[in-house]
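Quick notes on the structure that follows.
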Amino acid sequence: MSWSITAEELADLVKNRDSGSEKDLANVHGGVEGLAKKINSDAKTGLPTSEASTEYSARREAFGNNYIPNRPPIGYFTFLKAALSDHTLIILMIAAVVSIGLGTGFPAPGESRSIAWVEGFAILVAVAVVSNVTATNDTLKDRKFRQLTAITEDRKVRVVRGGESTIVPINDILAGDVVLVETGDFIPADLILIEGSSLRSDESSMTGESDAVKKNAANPWLLSGCTITEGSGKGLAVATGVRSQWGQIKAATQDREESKTPLQEHLETLAENIGKLGVLIAVLTLIGLFIRWGIDTFKTQGVSGWNSYYLGQWVRFLITAITIIVVAVPEGLPLAVTLALAYSMLKMMKDQNLVRHLAACETMGGATNICSDKTGTLTQNRMTVVKLWAGKVIEEQPKDKTILNEHTLQLLNEGACINSTAFIQKRDSEKPEFIGLKTECALLMMANNLGTDYEKVRNELKIVKAWPFSSRLKRMSTIIQREEGMRIYTKGASEVILEICNQHMTDSGTVNNLTPELKAQLNKQIDAWASQGLRTLTLAYKELPSDTLIPEEGECPYEENLILIGIVGIQDPLRPEVSSSIATCRKAGITVRMVTGDNLLTAKQIAKECGILTEGGEALEGPVFRKLTLDQMDSIIPRLQVIARCSPEDKLTLVKRLIHHGEVVAVTGDGTNDVPALIAADVGFAMGICGTEVAKDACDIILLDDNFSSIEKAVMWGRGVYDSIRKFIQFQLTVNIVAVTVAFVGALSGGESPLQPVQLLWVNLIMDTMAALALATERPSKDLFNRPPHGRFSPLITYRMWRLIIGNSVLQLAILFWLYYGGAHVGFFEMNEPASLQSFKDSGIANPQDVYAEKHRAFEVKRSTVIFNTFVFQQIFNEFNARKLENEKNMFSKMKTSYIFIGVIVITIIVQFILVQFGGDFSKTAPLNGQTWAFCIGVGLFSLPWGFFLRFIPVPRQVPVTIDPNAGKEEVEMMESNTSAANVSEDAELITQDVETPRSRKSSKAPSVIIPTVDPVVDNYLPNTTSRGQNNWGIARQILTQVQVTRAFRRPIPDSISGTHV
């Protein structure tokens, strides 16, 4: 197949758009129609069907796919190099190498040169194991996140091929495709406009200009990566993949480092602070070891000269100190977050939640309010016209065209078909596929049932101008050209359209005046249908002269004195599982509110059916809500459960007021105008089926099935992630306290740590990587809904967690110190301390000093082994305690499904057995007999009843905090006071930051505040210059950066506005 233009020439047309390319388009290529012919396409019918048999292979080869290659995956050895770049590990490896050299060159007295290298080599092996495990985890994590990225970038695009509209994946867009776009769509490739109606594009992602750019013949370039903010149209794809403008930018920026989530950043800071404490203890240990060595060597033993093997002892002191640092630094904290997030994200996919921003997993667990749409989320989004008024009431699904006058039928069907951008695939099948707004699809199916082909109507009628649906005006209009003149068709909310009509069609096809009596009767009919849960729409028209001036900009000036055609009642059944999901959320302390564009009566009926609207709850219309003062809003919001006829501004205002009062808010949205609320909310949910691409880009989680029950599952997974991190902290802090304390005290009192460096490295592996894997991958259960949300500023470590951390640490330290200082006197431990040196001399054996030294070394190794083995089994069984954070008594519940946890425990026990029985000089252990093994396991097992007992110790109840603990004292006092809000000047009312601020990742110790302008609603709605594409997440950052472990014990704070925190 031959082509009259190359891929590079097509790309240059767009690239040189500011240098007169539109003139070349017209003069050289014969306009967009001529350009389409040069690439064997057609501006009306799209790609020819003849190429479909070869899957457009020749076209793909000539012009390329619409695929932008991602950065190559990071290799295993790259991650290994990064793991080995840790400064403490580098120092430890250097010290190990020096130890090998000094040990073989200058062995200590009584130590064989042939085995002196073993300790240093064992440390190198332990470091290799730790770093390789880390590299493996990082490799798996990178692979999982790449898979998730590929899923999130998958989009569906509407194109015309062979004269028929169809849906194709974004990667299948080819040069020559005719692409259909409308408000909210993402532009999938560089397009040249063929035709459009009031089309505007947001090109801020390409040019930095925030104003939407009008698209017409003078500026026909639709740039890839941008979005349609207004209107509809179609364009010819000319540059795809890496040749497109978006592809070139993405290829240049795809190597940027992934941003961390707020919890990851916070825990890395926490780990760093704990690590600093570990460094301090290590330095004190090193100093103490040198002082103890000096006293023992020069004073007690009376040595006066220098011996080269002293260097080896010093290096061992250094290794002990460094190992304490390695153990003290809880690098497993960020790893636990990563594992929990990766695991939950993949599992949430199966629950129909596509997570686009990692922080959403964390934040959703603390959600206290959910503001949900009705259509598709609470209902099934299977819309059917079941009622009709067209001069007379038809109380059944309109299917028989003979019941209507021919002229009325024509007007009704034309109004339904032309005032729509939806279309239907497989109309003749049992399960047709609806593309576009479901209300418009319902009207198209009504027209189809009444004998009208909507595609034929659209092809025959010439559209002069179309005004897309306005959420503010609640209507849309289209003007068509007829032989006799022009005609405007208008469709929208019933009460809105009815008010701008002054005539109506009769059942005989004539036009009569719309009297006040008939209008009142029709309003009564609308209310009756709305009370049955039906959504009502009204269609109207008006004839216009042929010389009517059509404005290029602004609102339609002819939407007045219209002729009423008909009113339709559309049924959208409630999802059967929604009522139970809402009841579950209510049980979990989450307030669910409905925000919908429907009629108030319809909204109240659906809200009652699904359990949102309860006794004492308030339901308002948007126009009423937005007229309230801030004081009035704050007083009614605790009872407000439904907002009908809700505009995007109303939804945004509600979200901002809730956040201002410390609530953690999730909100759903599907349209372009919902973007401000999706961004302002702590977690924004976009509809995967009916949502626009702009809404999906602005959200944090995409509901793949548009189902409210999926939000319930997101809450469960969010709480599970948060709990997984808390479980790991509860476990690791216990290990940290015990391991570092034993090493520190033992080294100072006995000259070296009871836990040898290789043993400590194994403990580090247990408590970091393996514990993170075990505790961060447990599947959450619905038991998590039995407690209230943790809220915005709740401490990460609760009183109950401190109870278990301190209690278990005390038990473990008591047992380990008893074994170290007093266990030598218990006979069955097979580690009895040998008699004094004098008794050996008195026995008359040869070389009594050497025999005594050898037996004493054997005793110390055996004692160290028993302490090491007991300590490890204490951690193994304490890991079961760590599975529960509250007062649950059964630590083994849900164990059958915790396969990874069980696997980690089994592997830990097996490796521990090998190290003890066969480690020898490598791990500084000695084999133990069955009796001693039973003792070590029994002592470790005692952690379970001890943990059970600790749960009965009363601690103060943790009250969820909804006020930033780091806010200024005056602000807190003001927020805690019972002073009426009416006493505070409205001008001084503090409200939350503007739309984009809640996503900001800038570090802040307290949420910023602004003073509203004259109109607080407008002030809330005005956007900042910050782009949503920057993945801002300030409020979530503030939630978690304010969680200070050292400030866990703080006084109770008054309940939040929702009243859910009891």
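Quick note on naming: the chains in the structure tokens go A, B, ... in the order shown, residues restart at 1 in each chain, and ligands are numbered from 1 in order of appearance.
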
* **Test item: residues at most 9 Å from stretch 595-597 of chain A, only C-alpha atoms, excluding those fewer than 5 positions along its chain, as a list in words** => Cys371, Ser372, Asp373, Lys374, Thr375, Ser471, Lys474, Ala603, Gly622, Gln641, Val642, Ile643, Ala644, Arg645, Cys646, Ser647, Asp650 and Lys651 of chain A

For the residues in the current selection, export N, CA and C atoms as a PDB file, in the first residue's frame.
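Below you can see part_24.pdb, which holds the result:
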ATOM      1  N   CYS A 371     -19.411  11.182  50.354  1.00  0.00           N
ATOM      2  CA  CYS A 371     -20.407  11.939  49.592  1.00  0.00           C
ATOM      3  C   CYS A 371     -20.562  11.251  48.241  1.00  0.00           C
ATOM      4  N   SER A 372     -21.691  10.597  48.055  1.00  0.00           N
ATOM      5  CA  SER A 372     -21.849   9.724  46.892  1.00  0.00           C
ATOM      6  C   SER A 372     -22.871  10.268  45.909  1.00  0.00           C
ATOM      7  N   ASP A 373     -22.578  10.096  44.618  1.00  0.00           N
ATOM      8  CA  ASP A 373     -23.584  10.325  43.589  1.00  0.00           C
ATOM      9  C   ASP A 373     -24.664   9.254  43.695  1.00  0.00           C
ATOM     10  N   LYS A 374     -25.761   9.496  43.014  1.00  0.00           N
ATOM     11  CA  LYS A 374     -26.840   8.499  42.991  1.00  0.00           C
ATOM     12  C   LYS A 374     -26.740   7.604  41.768  1.00  0.00           C
ATOM     13  N   THR A 375     -26.732   8.228  40.596  1.00  0.00           N
ATOM     14  CA  THR A 375     -26.851   7.471  39.360  1.00  0.00           C
ATOM     15  C   THR A 375     -25.637   6.577  39.128  1.00  0.00           C
ATOM     16  N   SER A 471     -24.260  21.969  33.701  1.00  0.00           N
ATOM     17  CA  SER A 471     -24.720  21.571  35.034  1.00  0.00           C
ATOM     18  C   SER A 471     -25.291  22.766  35.794  1.00  0.00           C
ATOM     19  N   LYS A 474     -28.726  23.281  33.757  1.00  0.00           N
ATOM     20  CA  LYS A 474     -29.491  22.030  33.773  1.00  0.00           C
ATOM     21  C   LYS A 474     -30.204  21.779  32.447  1.00  0.00           C
ATOM     22  N   ALA A 603     -34.648  12.065  44.742  1.00  0.00           N
ATOM     23  CA  ALA A 603     -33.481  11.828  45.593  1.00  0.00           C
ATOM     24  C   ALA A 603     -33.899  11.316  46.962  1.00  0.00           C
ATOM     25  N   GLY A 622     -29.862  22.037  46.064  1.00  0.00           N
ATOM     26  CA  GLY A 622     -28.643  22.818  45.907  1.00  0.00           C
ATOM     27  C   GLY A 622     -28.848  24.314  45.993  1.00  0.00           C
ATOM     28  N   GLN A 641     -28.211  14.866  54.896  1.00  0.00           N
ATOM     29  CA  GLN A 641     -27.967  13.553  54.307  1.00  0.00           C
ATOM     30  C   GLN A 641     -28.187  13.514  52.802  1.00  0.00           C
ATOM     31  N   VAL A 642     -28.911  14.483  52.265  1.00  0.00           N
ATOM     32  CA  VAL A 642     -29.202  14.503  50.828  1.00  0.00           C
ATOM     33  C   VAL A 642     -29.141  15.938  50.329  1.00  0.00           C
ATOM     34  N   ILE A 643     -28.432  16.144  49.210  1.00  0.00           N
ATOM     35  CA  ILE A 643     -28.512  17.407  48.464  1.00  0.00           C
ATOM     36  C   ILE A 643     -28.970  17.060  47.049  1.00  0.00           C
ATOM     37  N   ALA A 644     -30.153  17.513  46.684  1.00  0.00           N
ATOM     38  CA  ALA A 644     -30.703  17.295  45.348  1.00  0.00           C
ATOM     39  C   ALA A 644     -30.443  18.529  44.490  1.00  0.00           C
ATOM     40  N   ARG A 645     -30.545  18.347  43.183  1.00  0.00           N
ATOM     41  CA  ARG A 645     -30.217  19.421  42.239  1.00  0.00           C
ATOM     42  C   ARG A 645     -28.878  20.045  42.642  1.00  0.00           C
ATOM     43  N   CYS A 646     -27.951  19.180  42.958  1.00  0.00           N
ATOM     44  CA  CYS A 646     -26.652  19.610  43.470  1.00  0.00           C
ATOM     45  C   CYS A 646     -25.731  19.996  42.325  1.00  0.00           C
ATOM     46  N   SER A 647     -25.210  21.197  42.369  1.00  0.00           N
ATOM     47  CA  SER A 647     -24.249  21.642  41.363  1.00  0.00           C
ATOM     48  C   SER A 647     -22.839  21.262  41.810  1.00  0.00           C
ATOM     49  N   ASP A 650     -21.857  23.236  44.773  1.00  0.00           N
ATOM     50  CA  ASP A 650     -22.451  22.774  46.029  1.00  0.00           C
ATOM     51  C   ASP A 650     -21.661  21.597  46.593  1.00  0.00           C
ATOM     52  N   LYS A 651     -21.311  20.670  45.720  1.00  0.00           N
ATOM     53  CA  LYS A 651     -20.557  19.499  46.175  1.00  0.00           C
ATOM     54  C   LYS A 651     -19.202  19.921  46.737  1.00  0.00           C
TER      55      LYS A 651
END

* To do: Have a look at A:Ala83, A:Met594, A:Ile563, A:Leu600 and name the one nearest to A:Ser531; count only C-alpha atoms.
  =>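 That would be A:Leu600, the residue with the smallest distance to A:Ser531.
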
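Among the candidates A:Leu601, A:Val28, A:Leu950, A:Ile287, the one nearest to A:Ala619 when counting only C-alpha atoms is A:Leu601.
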